[in-house]
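Engineer: Just one file: entry00.csv, with CSV, C-alpha atoms and all ligand atoms.
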```csv
chain,number,residue,atom,x,y,z
A,412,MET,CA,23.2,16.8,9.3
A,413,ALA,CA,20.9,19.0,7.2
A,414,GLU,CA,17.4,19.7,8.5
A,415,SER,CA,14.7,17.9,6.6
A,416,SER,CA,13.4,20.2,3.8
A,417,LYS,CA,10.5,20.0,1.4
A,418,GLU,CA,12.8,19.8,-1.6
A,419,GLU,CA,14.4,16.7,-2.9
A,420,ILE,CA,18.1,17.0,-2.4
A,421,VAL,CA,19.5,14.2,-4.5
A,422,VAL,CA,18.0,11.5,-6.7
A,423,GLY,CA,19.3,8.1,-5.4
A,424,LYS,CA,20.6,5.2,-7.4
A,425,PRO,CA,18.2,2.4,-8.2
A,426,VAL,CA,18.4,-0.3,-5.5
A,427,GLN,CA,18.9,-2.8,-8.3
A,428,GLU,CA,22.3,-1.1,-8.9
A,429,LEU,CA,23.3,-0.8,-5.3
A,430,ARG,CA,23.1,-4.5,-4.8
A,431,LEU,CA,25.9,-5.1,-7.2
A,432,ASN,CA,28.2,-3.3,-4.9
A,433,PRO,CA,27.4,-4.9,-1.5
A,434,GLU,CA,30.6,-3.6,0.3
A,435,ASN,CA,29.4,0.0,-0.1
A,436,LEU,CA,25.8,0.1,0.9
A,437,PRO,CA,24.9,3.7,1.7
A,438,LYS,CA,24.4,4.1,5.5
A,439,ASN,CA,20.9,5.4,5.0
A,440,TYR,CA,19.7,1.9,4.2
A,441,MET,CA,21.2,0.4,7.4
A,442,TYR,CA,19.4,-0.1,10.7
A,443,ASP,CA,22.1,-1.0,13.3
A,444,GLU,CA,19.4,-2.3,15.6
A,445,GLY,CA,18.0,-4.7,13.0
A,446,GLY,CA,19.6,-7.9,13.9
A,447,ALA,CA,17.8,-11.1,13.0
A,448,GLY,CA,14.8,-9.5,14.6
A,449,PHE,CA,13.5,-8.0,11.4
A,450,ARG,CA,12.7,-11.3,9.9
A,451,ASP,CA,11.8,-13.2,13.0
A,452,ALA,CA,8.3,-11.8,13.3
A,453,LEU,CA,5.5,-13.9,14.9
A,454,VAL,CA,3.3,-16.1,12.9
A,455,PRO,CA,-0.4,-15.4,13.7
A,456,SER,CA,-2.0,-18.1,15.7
A,457,GLN,CA,-4.8,-20.3,14.4
A,458,ASP,CA,-7.2,-18.7,16.8
A,459,ASP,CA,-6.3,-15.2,15.9
A,460,ASN,CA,-5.2,-15.3,12.3
A,461,ILE,CA,-5.5,-12.4,9.8
A,462,PRO,CA,-9.1,-13.1,8.7
A,463,VAL,CA,-9.9,-14.5,5.3
A,464,VAL,CA,-13.2,-13.1,4.0
A,465,ASP,CA,-15.0,-15.1,1.3
A,466,LEU,CA,-17.0,-12.9,-1.1
A,467,HIS,CA,-19.2,-15.9,-2.1
A,468,ARG,CA,-20.3,-16.2,1.5
A,469,LEU,CA,-20.7,-12.5,1.8
A,470,SER,CA,-23.2,-12.4,-1.0
A,471,SER,CA,-25.1,-15.5,-0.1
A,472,PRO,CA,-28.1,-14.8,2.3
A,473,SER,CA,-27.5,-17.8,4.5
A,474,THR,CA,-23.9,-16.9,5.3
A,475,ALA,CA,-23.8,-13.1,4.8
A,476,GLN,CA,-24.3,-12.1,8.4
A,477,GLN,CA,-21.5,-14.4,9.7
A,478,GLU,CA,-19.1,-13.1,7.0
A,479,LEU,CA,-20.0,-9.4,7.8
A,480,ALA,CA,-19.2,-10.0,11.5
A,481,LYS,CA,-15.9,-11.5,10.5
A,482,LEU,CA,-15.2,-8.5,8.3
A,483,ARG,CA,-16.0,-6.0,11.1
A,484,HIS,CA,-13.8,-7.9,13.5
A,485,ALA,CA,-10.9,-8.0,11.0
A,486,LEU,CA,-11.1,-4.2,10.4
A,487,HIS,CA,-11.2,-3.4,14.0
A,488,SER,CA,-8.5,-5.8,15.3
A,489,TRP,CA,-6.0,-6.3,12.5
A,490,GLY,CA,-7.0,-3.5,10.1
A,491,CYS,CA,-6.5,-5.9,7.2
A,492,PHE,CA,-7.9,-9.1,5.8
A,493,GLN,CA,-7.4,-11.4,2.9
A,494,VAL,CA,-10.2,-11.6,0.4
A,495,ILE,CA,-10.9,-14.8,-1.6
A,496,ASN,CA,-13.5,-15.6,-4.3
A,497,HIS,CA,-13.2,-12.0,-5.4
A,498,GLY,CA,-13.9,-12.8,-9.1
A,499,ILE,CA,-10.5,-11.8,-10.5
A,500,GLU,CA,-9.0,-14.8,-12.3
A,501,SER,CA,-5.8,-16.1,-10.8
A,502,SER,CA,-4.2,-16.3,-14.2
A,503,PHE,CA,-4.8,-12.6,-14.6
A,504,LEU,CA,-3.3,-11.8,-11.2
A,505,ASP,CA,-0.2,-13.7,-12.4
A,506,GLN,CA,-0.2,-11.6,-15.5
A,507,VAL,CA,-0.2,-8.4,-13.4
A,508,ARG,CA,2.8,-9.7,-11.3
A,509,ASP,CA,4.5,-10.8,-14.5
A,510,ILE,CA,4.4,-7.4,-16.3
A,511,GLY,CA,6.0,-5.9,-13.1
A,512,LYS,CA,8.7,-8.5,-13.0
A,513,ARG,CA,9.5,-8.1,-16.7
A,514,PHE,CA,9.7,-4.4,-16.4
A,515,PHE,CA,12.3,-4.5,-13.7
A,516,GLN,CA,14.3,-7.0,-15.7
A,517,LEU,CA,14.7,-4.5,-18.6
A,518,PRO,CA,18.0,-2.7,-19.2
A,519,LYS,CA,18.5,0.5,-17.2
A,520,GLU,CA,18.0,2.8,-20.2
A,521,GLU,CA,14.7,1.2,-21.0
A,522,LYS,CA,13.4,1.7,-17.5
A,523,GLN,CA,14.7,5.3,-17.4
A,524,LYS,CA,12.2,6.2,-20.2
A,525,CYS,CA,9.5,6.5,-17.6
A,526,ALA,CA,11.7,7.8,-14.7
A,527,ARG,CA,10.1,10.0,-12.2
A,528,GLU,CA,11.1,13.7,-12.0
A,529,PRO,CA,12.7,15.3,-9.0
A,530,ASN,CA,10.1,16.1,-6.3
A,531,ASN,CA,7.5,14.0,-8.0
A,532,ILE,CA,6.4,10.5,-7.1
A,533,GLU,CA,4.9,9.4,-10.4
A,534,GLY,CA,7.0,7.1,-12.6
A,535,TYR,CA,9.9,4.7,-12.1
A,536,GLY,CA,12.3,5.4,-9.3
A,537,ASN,CA,12.7,5.1,-5.5
A,538,ASP,CA,12.5,7.2,-2.4
A,539,ILE,CA,12.4,11.0,-2.6
A,540,ILE,CA,15.3,12.1,-0.5
A,541,PHE,CA,14.4,15.2,1.6
A,542,SER,CA,17.3,15.0,4.1
A,543,GLU,CA,20.8,13.5,4.5
A,544,ASN,CA,19.8,11.4,7.5
A,545,GLN,CA,16.6,10.0,6.0
A,546,ARG,CA,16.2,6.2,6.2
A,547,LEU,CA,15.8,4.7,2.8
A,548,ASP,CA,13.8,1.7,1.6
A,549,TRP,CA,15.3,-1.2,-0.3
A,550,THR,CA,12.9,-1.0,-3.2
A,551,ASP,CA,12.5,0.3,-6.7
A,552,ARG,CA,9.0,1.3,-7.8
A,553,VAL,CA,6.7,2.2,-10.6
A,554,TYR,CA,4.1,4.5,-9.3
A,555,ILE,CA,1.3,5.8,-11.5
A,556,LYS,CA,-2.1,7.5,-11.1
A,557,VAL,CA,-4.6,5.3,-12.8
A,558,GLN,CA,-7.9,7.1,-12.0
A,559,PRO,CA,-9.6,9.4,-12.8
A,560,GLU,CA,-9.0,8.6,-16.4
A,561,ASP,CA,-8.3,12.2,-17.5
A,562,GLN,CA,-5.4,12.5,-15.0
A,563,ARG,CA,-3.4,9.6,-16.4
A,564,LYS,CA,0.1,10.8,-17.3
A,565,PHE,CA,1.2,8.2,-19.8
A,566,GLN,CA,4.8,9.6,-20.0
A,567,PHE,CA,5.3,7.9,-16.6
A,568,TRP,CA,3.8,4.5,-17.6
A,569,PRO,CA,6.4,2.0,-18.9
A,570,PRO,CA,6.1,1.7,-22.7
A,571,ASN,CA,7.6,-1.8,-22.2
A,572,PRO,CA,6.6,-4.6,-21.6
A,573,ILE,CA,4.3,-4.1,-24.5
A,574,ASP,CA,1.3,-5.4,-22.6
A,575,PHE,CA,2.0,-3.2,-19.6
A,576,ARG,CA,-0.6,-0.6,-20.4
A,577,SER,CA,-3.5,-2.9,-21.4
A,578,THR,CA,-2.9,-5.1,-18.3
A,579,VAL,CA,-2.9,-2.1,-15.9
A,580,LEU,CA,-6.1,-0.8,-17.5
A,581,GLN,CA,-7.8,-4.1,-17.1
A,582,TYR,CA,-6.6,-4.5,-13.5
A,583,THR,CA,-7.8,-1.0,-12.7
A,584,GLU,CA,-11.3,-1.8,-13.9
A,585,SER,CA,-11.3,-5.1,-11.9
A,586,ILE,CA,-10.2,-3.4,-8.7
A,587,LYS,CA,-12.7,-0.5,-9.2
A,588,LEU,CA,-15.5,-3.0,-9.3
A,589,LEU,CA,-14.1,-5.0,-6.4
A,590,SER,CA,-13.5,-1.9,-4.3
A,591,GLU,CA,-17.2,-0.9,-4.6
A,592,VAL,CA,-18.2,-4.3,-3.3
A,593,ILE,CA,-15.8,-4.1,-0.4
A,594,LEU,CA,-16.6,-0.5,0.5
A,595,LYS,CA,-20.3,-1.4,0.5
A,596,ALA,CA,-19.7,-4.4,2.8
A,597,MET,CA,-17.6,-2.3,5.1
A,598,ALA,CA,-20.5,0.2,5.4
A,599,LYS,CA,-23.0,-2.6,6.0
A,600,SER,CA,-20.8,-4.1,8.7
A,601,LEU,CA,-21.3,-0.8,10.7
A,602,ASN,CA,-25.1,-0.7,9.9
A,603,LEU,CA,-24.6,2.3,7.6
A,604,GLU,CA,-26.2,2.9,4.2
A,605,GLU,CA,-24.2,0.8,1.8
A,606,ASP,CA,-23.0,3.8,-0.3
A,607,SER,CA,-21.7,5.8,2.7
A,608,PHE,CA,-18.0,5.3,2.1
A,609,ILE,CA,-18.3,5.4,-1.7
A,610,ASN,CA,-20.0,8.8,-1.6
A,611,GLU,CA,-17.3,10.2,0.6
A,612,CYS,CA,-14.7,9.2,-2.0
A,613,GLY,CA,-16.7,11.1,-4.7
A,614,GLU,CA,-17.1,10.6,-8.4
A,615,ARG,CA,-13.5,11.8,-9.0
A,616,ALA,CA,-11.9,9.4,-6.5
A,617,VAL,CA,-8.2,8.8,-7.2
A,618,LYS,CA,-6.5,5.5,-7.5
A,619,PHE,CA,-2.7,5.1,-7.5
A,620,LEU,CA,-1.0,1.9,-8.6
A,621,ARG,CA,2.4,1.0,-7.3
A,622,PHE,CA,4.7,-1.9,-8.3
A,623,ASN,CA,7.1,-2.5,-5.4
A,624,TYR,CA,10.2,-4.4,-6.5
A,625,TYR,CA,12.5,-5.6,-3.8
A,626,PRO,CA,15.8,-7.0,-5.1
A,627,PRO,CA,17.7,-9.5,-3.0
A,628,CYS,CA,19.8,-7.7,-0.4
A,629,PRO,CA,23.2,-8.7,1.0
A,630,MET,CA,22.3,-7.4,4.5
A,631,PRO,CA,18.7,-8.4,5.0
A,632,ASP,CA,18.9,-8.3,8.8
A,633,HIS,CA,19.9,-4.6,8.8
A,634,VAL,CA,17.9,-3.2,5.9
A,635,LEU,CA,14.1,-2.9,5.4
A,636,GLY,CA,12.2,-3.2,2.1
A,637,LEU,CA,9.7,-0.6,3.3
A,638,LYS,CA,9.9,1.2,6.6
A,639,PRO,CA,7.0,1.0,9.1
A,640,HIS,CA,4.1,3.0,7.8
A,641,ALA,CA,0.3,3.0,7.5
A,642,ASP,CA,-1.3,3.7,4.1
A,643,GLY,CA,-2.7,7.1,3.4
A,644,SER,CA,-5.6,5.6,1.4
A,645,VAL,CA,-9.2,4.8,2.2
A,646,ILE,CA,-8.4,1.1,1.4
A,647,THR,CA,-5.4,-0.5,-0.3
A,648,PHE,CA,-5.5,-3.7,-2.3
A,649,LEU,CA,-2.2,-5.6,-2.1
A,650,LEU,CA,-1.3,-8.3,-4.6
A,651,GLN,CA,1.5,-10.2,-2.8
A,652,ASP,CA,4.4,-12.0,-4.5
A,653,LYS,CA,3.4,-15.6,-5.3
A,654,GLN,CA,6.3,-17.2,-3.4
A,655,GLU,CA,8.2,-14.7,-1.3
A,656,GLU,CA,6.7,-13.5,2.0
A,657,GLY,CA,7.9,-10.2,3.4
A,658,LEU,CA,5.0,-8.2,4.7
A,659,GLN,CA,4.6,-7.7,8.4
A,660,VAL,CA,1.8,-6.0,10.4
A,661,LEU,CA,2.0,-4.5,13.8
A,662,LYS,CA,-0.6,-5.6,16.3
A,663,ASP,CA,-0.5,-5.1,20.1
A,664,ASP,CA,3.1,-3.8,19.7
A,665,GLN,CA,4.3,-7.0,18.0
A,666,TRP,CA,5.2,-7.7,14.4
A,667,PHE,CA,3.3,-10.5,12.7
A,668,LYS,CA,4.0,-12.1,9.4
A,669,VAL,CA,1.3,-11.8,6.8
A,670,PRO,CA,1.0,-15.2,5.1
A,671,ILE,CA,0.6,-15.7,1.4
A,672,VAL,CA,-2.9,-17.0,0.8
A,673,PRO,CA,-3.1,-18.5,-2.8
A,674,HIS,CA,-5.3,-16.4,-5.1
A,675,ALA,CA,-6.2,-13.9,-2.4
A,676,LEU,CA,-5.8,-10.1,-2.3
A,677,LEU,CA,-4.9,-8.5,0.9
A,678,ILE,CA,-6.9,-5.4,1.8
A,679,ASN,CA,-5.6,-2.8,4.2
A,680,VAL,CA,-7.5,-0.1,6.0
A,681,GLY,CA,-5.9,3.2,5.2
A,682,ASP,CA,-5.7,6.3,7.4
A,683,GLN,CA,-8.6,8.0,5.6
A,684,MET,CA,-10.9,5.1,6.4
A,685,GLU,CA,-9.8,5.2,10.0
A,686,ILE,CA,-10.8,8.9,10.0
A,687,LEU,CA,-14.2,8.2,8.2
A,688,SER,CA,-15.0,5.4,10.6
A,689,ASN,CA,-14.1,7.5,13.6
A,690,GLY,CA,-11.5,5.0,14.6
A,691,ILE,CA,-13.7,1.9,14.6
A,692,PHE,CA,-11.6,0.6,11.7
A,693,ARG,CA,-7.8,0.7,12.3
A,694,SER,CA,-5.2,1.7,9.8
A,695,PRO,CA,-2.5,-0.8,10.6
A,696,VAL,CA,1.2,0.0,10.7
A,697,HIS,CA,3.1,-2.4,8.4
A,698,ARG,CA,6.5,-2.9,6.9
A,699,ALA,CA,8.2,-5.1,4.3
A,700,VAL,CA,11.4,-7.2,5.0
A,701,ILE,CA,13.7,-8.6,2.4
A,702,ASN,CA,15.9,-11.5,1.9
A,703,ALA,CA,19.4,-12.3,0.5
A,704,GLU,CA,18.4,-14.9,-2.1
A,705,ASN,CA,15.3,-13.9,-4.0
A,706,GLU,CA,13.6,-10.9,-5.5
A,707,ARG,CA,10.1,-10.0,-4.3
A,708,LEU,CA,7.4,-8.1,-6.2
A,709,THR,CA,4.1,-6.8,-4.9
A,710,VAL,CA,1.4,-4.6,-6.5
A,711,ALA,CA,-0.5,-2.1,-4.4
A,712,MET,CA,-3.6,-0.2,-5.5
A,713,PHE,CA,-4.4,2.7,-3.3
A,714,CYS,CA,-8.0,3.9,-3.4
A,715,THR,CA,-8.2,7.5,-2.2
A,716,PRO,CA,-10.9,10.1,-2.2
A,717,ASP,CA,-11.2,13.1,-4.6
A,718,PRO,CA,-8.6,15.3,-3.0
A,719,GLU,CA,-11.1,18.2,-3.0
A,720,LYS,CA,-13.3,16.3,-0.6
A,721,GLU,CA,-13.1,17.0,3.1
A,722,ILE,CA,-12.7,13.7,5.0
A,723,LYS,CA,-14.0,13.6,8.6
A,724,PRO,CA,-15.7,11.0,10.8
A,725,LEU,CA,-19.2,10.1,9.4
A,726,ASP,CA,-21.9,11.9,11.3
A,727,LYS,CA,-23.6,8.6,12.1
A,728,LEU,CA,-20.5,7.4,13.9
A,729,VAL,CA,-20.2,10.4,16.1
A,730,ASN,CA,-22.3,10.6,19.3
A,731,GLU,CA,-22.0,11.7,22.9
A,732,SER,CA,-20.4,8.5,24.0
A,733,ARG,CA,-18.0,8.5,21.0
A,734,PRO,CA,-17.1,12.1,20.1
A,735,ALA,CA,-15.2,12.8,16.9
A,736,LEU,CA,-11.6,11.5,17.3
A,737,TYR,CA,-10.2,13.2,14.2
A,738,ARG,CA,-10.2,16.7,12.7
A,739,PRO,CA,-11.3,17.0,9.0
A,740,VAL,CA,-8.5,16.5,6.4
A,741,LYS,CA,-8.2,17.4,2.8
A,742,LYS,CA,-5.5,16.5,0.2
A,743,TYR,CA,-4.2,13.9,2.5
A,744,THR,CA,-2.0,12.3,-0.1
A,745,GLU,CA,0.0,15.5,-0.5
A,746,ILE,CA,1.1,15.7,3.1
A,747,TYR,CA,1.5,12.0,3.4
A,748,PHE,CA,4.9,11.6,1.7
A,749,GLN,CA,6.5,14.3,3.7
A,750,TYR,CA,5.6,12.5,6.9
A,751,TYR,CA,6.4,9.1,5.5
A,752,GLN,CA,9.9,10.0,4.6
A,753,GLN,CA,10.5,11.3,8.1
A,754,GLY,CA,9.1,8.0,9.5
A,755,ARG,CA,6.1,9.9,11.0
A,756,ARG,CA,2.4,9.2,10.8
A,757,PRO,CA,0.3,11.9,9.2
A,758,ILE,CA,-2.8,10.7,11.0
A,759,GLU,CA,-1.3,12.1,14.2
A,760,ALA,CA,-1.9,15.6,12.8
A,761,SER,CA,-5.6,14.8,12.5
A,762,ARG,CA,-6.1,13.2,15.8
A,763,ILE,CA,-8.0,15.3,18.4
A,801,LIG,O1,5.3,-5.0,-0.4
A,801,LIG,C1,4.6,-5.1,0.6
A,801,LIG,O2,4.5,-6.2,1.1
A,801,LIG,C2,4.0,-4.0,1.2
A,801,LIG,C3,3.6,-2.8,0.3
A,801,LIG,C4,3.1,-1.7,1.0
A,801,LIG,O3,2.8,-1.7,2.2
A,801,LIG,C5,2.8,-0.4,0.2
A,801,LIG,O4,3.1,-0.4,-1.0
A,801,LIG,O5,2.3,0.5,0.9
A,802,FE,FE,1.6,0.1,2.8
```
Re-express the file's structure as structure tokens.
Ligand SMILES: O=C(O)CCC(=O)C(=O)O
Ligand SMILES: [Fe+2]
Structural biologist:
Amino acid sequence: MAESSKEEIVVGKPVQELRLNPENLPKNYMYDEGGAGFRDALVPSQDDNIPVVDLHRLSSPSTAQQELAKLRHALHSWGCFQVINHGIESSFLDQVRDIGKRFFQLPKEEKQKCAREPNNIEGYGNDIIFSENQRLDWTDRVYIKVQPEDQRKFQFWPPNPIDFRSTVLQYTESIKLLSEVILKAMAKSLNLEEDSFINECGERAVKFLRFNYYPPCPMPDHVLGLKPHADGSVITFLLQDKQEEGLQVLKDDQWFKVPIVPHALLINVGDQMEILSNGIFRSPVHRAVINAENERLTVAMFCTPDPEKEIKPLDKLVNESRPALYRPVKKYTEIYFQYYQQGRRPIEASRI
């Protein structure tokens, strides 16, 4: 087998095409050890469920403290939470899912118009293949940088569906506002100045949007939609599929199913937030499983700092009893994908 390199060695076929030939699934998609285990994850108990944080309660003086305590607990124990009453209309969230689904239904030639280029993640495509023995994910994607505005590369944005661009722009604005509310609340939950995390991200903070499309798979017990990973972001907003579950999160060495909460967005702590919070907030390892019958589509918005900013534990969270647990990092997104495709966690390189 070839050693893993930093160059893409071959551009793989779309997963949507592979599924039409189930007898010949490439071995890189197969996990022999899978068994029914992949899809039999635990359901969180009522007493220790993935917390649901209500933004109305968070902004109302009589309930704010209780909700902040819930948020802090969520970020420390699960590293994720579902947010409700976030102000984004459910019908608009449906529209965001819908433009994604309609894109993946287009003919191949139409989708190829915004195909990613070798060694580049932006555009329509799937895993970058760095080595022959790399495990591959059963997913096709559209991955685009949506902020800062002057870094948008519209050649990688689908020209079809016709309302793709306007919907994405509106969604980006909504998430930008919501992310500020969430980052302020996260800072307050640690008794920090409310702009602490926002300032660390900088005025030229970067947001990536990714549509993850998981076609039905003939071997769902031996193939993963997305291999175990933690996000490289500060925080990630995940709009789940309306019907199909598939996301699992690792806690105390066990996989738990992440339920679908109607109208909610799931928020994940990313590695750069784990570093900023000096490990108080946990960037959780998660994965996506698939099924034989139905497609699944999710939309992830990764909020990341200006890559020129150095990210390190906030001074106020470092003291004698809790020394800095991470070295400073810069341009984390660039190293992230190399590690990801090797099934490794880039945060290990930063841990002291
Ligand atoms: O599709 C999912 O459920 C998970 C997506 C995810 O983890 C990601 O895009 O990083
Ligand atoms: Fe993720």
Engineer: Given the point (-10.6, 0.5, 11.9) in the coordinates of this file, which residues lie within 7 Å, counting all atoms listed in the file, and how would they look as number ranges by chain?
Structural biologist: A: 486-487, 490, 680, 685, 688, 690-694
Engineer: For each of A:Ala596, A:Met712, A:Leu687, A:Ala485, take the minimum atom-to-atom distance to Asp642 in chain A, counting all atoms listed in the file, then give the residue where this is smallest.
Structural biologist: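 Result for the nearest residue to Asp642 in chain A: A:Met712.
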Engineer: Distance table requested - range 438-505 of chain A against range 657-667 of chain A, cut-off 12 Å, all atoms listed in the file: one row per qualifying residue with the closest atom pair and its distance in Å to one decimal, ordered by chain and rising residue number, as JSON lines.
Structural biologist:
```
{"residue": "A:Gly448", "atom": "CA", "partner": "A:Trp666", "partner_atom": "CA", "distance": 9.8}
{"residue": "A:Phe449", "atom": "CA", "partner": "A:Trp666", "partner_atom": "CA", "distance": 8.8}
{"residue": "A:Arg450", "atom": "CA", "partner": "A:Gly657", "partner_atom": "CA", "distance": 8.2}
{"residue": "A:Asp451", "atom": "CA", "partner": "A:Trp666", "partner_atom": "CA", "distance": 8.7}
{"residue": "A:Ala452", "atom": "CA", "partner": "A:Phe667", "partner_atom": "CA", "distance": 5.2}
{"residue": "A:Leu453", "atom": "CA", "partner": "A:Phe667", "partner_atom": "CA", "distance": 4.6}
{"residue": "A:Val454", "atom": "CA", "partner": "A:Phe667", "partner_atom": "CA", "distance": 5.6}
{"residue": "A:Pro455", "atom": "CA", "partner": "A:Phe667", "partner_atom": "CA", "distance": 6.2}
{"residue": "A:Ser456", "atom": "CA", "partner": "A:Phe667", "partner_atom": "CA", "distance": 9.7}
{"residue": "A:Asp459", "atom": "CA", "partner": "A:Phe667", "partner_atom": "CA", "distance": 11.2}
{"residue": "A:Asn460", "atom": "CA", "partner": "A:Phe667", "partner_atom": "CA", "distance": 9.8}
{"residue": "A:Ile461", "atom": "CA", "partner": "A:Phe667", "partner_atom": "CA", "distance": 9.5}
{"residue": "A:Ala485", "atom": "CA", "partner": "A:Lys662", "partner_atom": "CA", "distance": 11.8}
{"residue": "A:His487", "atom": "CA", "partner": "A:Lys662", "partner_atom": "CA", "distance": 11.1}
{"residue": "A:Ser488", "atom": "CA", "partner": "A:Lys662", "partner_atom": "CA", "distance": 8.0}
{"residue": "A:Trp489", "atom": "CA", "partner": "A:Lys662", "partner_atom": "CA", "distance": 6.6}
{"residue": "A:Gly490", "atom": "CA", "partner": "A:Val660", "partner_atom": "CA", "distance": 9.2}
{"residue": "A:Cys491", "atom": "CA", "partner": "A:Val660", "partner_atom": "CA", "distance": 8.9}
{"residue": "A:Phe492", "atom": "CA", "partner": "A:Val660", "partner_atom": "CA", "distance": 11.2}
```
Engineer: Which is closer to ligand LIG 801 (chain A) than all the others in A:Phe608, A:Tyr440, A:Trp549, A:Tyr737, using all atoms listed in the file?
Structural biologist: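 Among the listed residues, the smallest separation from ligand LIG 801 (chain A) belongs to A:Trp549.
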Engineer: Between CA of Pro627 in chain A and CA of Val507 in chain A, measure the distance and give it in Å to one decimal.
Structural biologist: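 Atom-to-atom, CA of Pro627 in chain A and CA of Val507 in chain A are spaced 20.7 Å apart.
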Engineer: Check which residues fall inside 8 Å of ligand FE 802 (chain A) when counting only C-alpha atoms and all ligand atoms, and print them as number ranges by chain.
Structural biologist: A: 640-642, 647, 679, 696-698, 711
Engineer: Identify, counting all atoms listed in the file, the protein, DNA and RNA residues located within 10 Å of ligand LIG 801 (chain A), and give them as an MDAnalysis selection string.
Structural biologist: chainID A and resid 550 552 554 620:625 636:644 647:652 655:660 669 677 679 681 695:701 707:713
Engineer: Using Å and a single decimal, report how far CA of Ser501 in chain A sits from CA of Leu589 in chain A.
Structural biologist: 14.5 Å
Engineer: Please identify all polymer residues within 9 Å of Trp568 in chain A, counting only C-alpha atoms, omitting same-chain residues fewer than 2 positions from it, and present them as JSON, numbers by chain.
Structural biologist: {"A": [524, 525, 533, 534, 535, 553, 554, 555, 563, 564, 565, 566, 570, 571, 575, 576]}
Engineer: Quick one: everything within 7 Å of Ala616 in chain A, counting all atoms listed in the file, minus sequence neighbours fewer than 4 positions away in the same chain. Send it as a list in words.
Structural biologist: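 Listed by chain and then number, they are Pro559, Cys612, Thr715, Pro716 and Asp717 of chain A.
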Engineer: Please identify all polymer residues within 10 Å of Leu436 in chain A, counting all atoms listed in the file, omitting same-chain residues fewer than 6 positions from it, and present them as a count of residues only.
Structural biologist: 7
Engineer: Measuring between only C-alpha atoms, which one of A:Asn531, A:Glu611, A:Leu504, A:Pro626 shows the shortest distance to Gln581 in chain A?
Structural biologist: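 Distance minimum relative to Gln581 in chain A lands on A:Leu504.
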Engineer: How many Å separate CA of Ala526 in chain A from CA of Gln545 in chain A?
Structural biologist: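 Rounded to one decimal, the two atoms are 21.4 Å apart.
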Engineer: Excluding same-chain residues fewer than 2 positions from Ala480 in chain A, what lies within 12 Å of it counting all atoms listed in the file, as a list of chain:residue names?
Structural biologist: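 These residues fall inside the cut-off: A:Pro462, A:Val464, A:Arg468, A:Leu469, A:Thr474, A:Ala475, A:Gln476, A:Gln477, A:Glu478, A:Leu482, A:Arg483, A:His484, A:Ala485, A:Leu486, A:His487, A:Ala596, A:Met597, A:Ala598, A:Lys599, A:Ser600, A:Leu601, A:Asn602.
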Engineer: Go through A:Gly423, A:Gln516, A:Gly613, A:Val729 one by one, measure the shortest atom-to-atom distance of each to Pro529 in chain A using all atoms listed in the file, and give the residue with the smallest value.
Structural biologist: A:Gly423
Engineer: Nearest residue to His497 in chain A out of A:Ser590, A:Ile646, A:Glu704, A:Lys417, using all atoms listed in the file?
Structural biologist: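 Selected residue with least distance to His497 in chain A: A:Ser590.
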Engineer: Find the spatial neighbours of Val672 in chain A, counting all atoms listed in the file, within a cut-off of 10 Å - ignore same-chain residues fewer than 6 positions away - and output them as a PDB file with C-alpha atoms, in the coordinates of the input.
Structural biologist:
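To be explicit, this is the file written out as out-v3.pdb:
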```pdb
ATOM      1  CA  VAL A 463      -9.900 -14.500   5.300  1.00  0.00           C
ATOM      2  CA  GLN A 493      -7.400 -11.400   2.900  1.00  0.00           C
ATOM      3  CA  VAL A 494     -10.200 -11.600   0.400  1.00  0.00           C
ATOM      4  CA  ILE A 495     -10.900 -14.800  -1.600  1.00  0.00           C
ATOM      5  CA  GLN A 651       1.500 -10.200  -2.800  1.00  0.00           C
ATOM      6  CA  LYS A 653       3.400 -15.600  -5.300  1.00  0.00           C
TER       7      LYS A 653
END
```
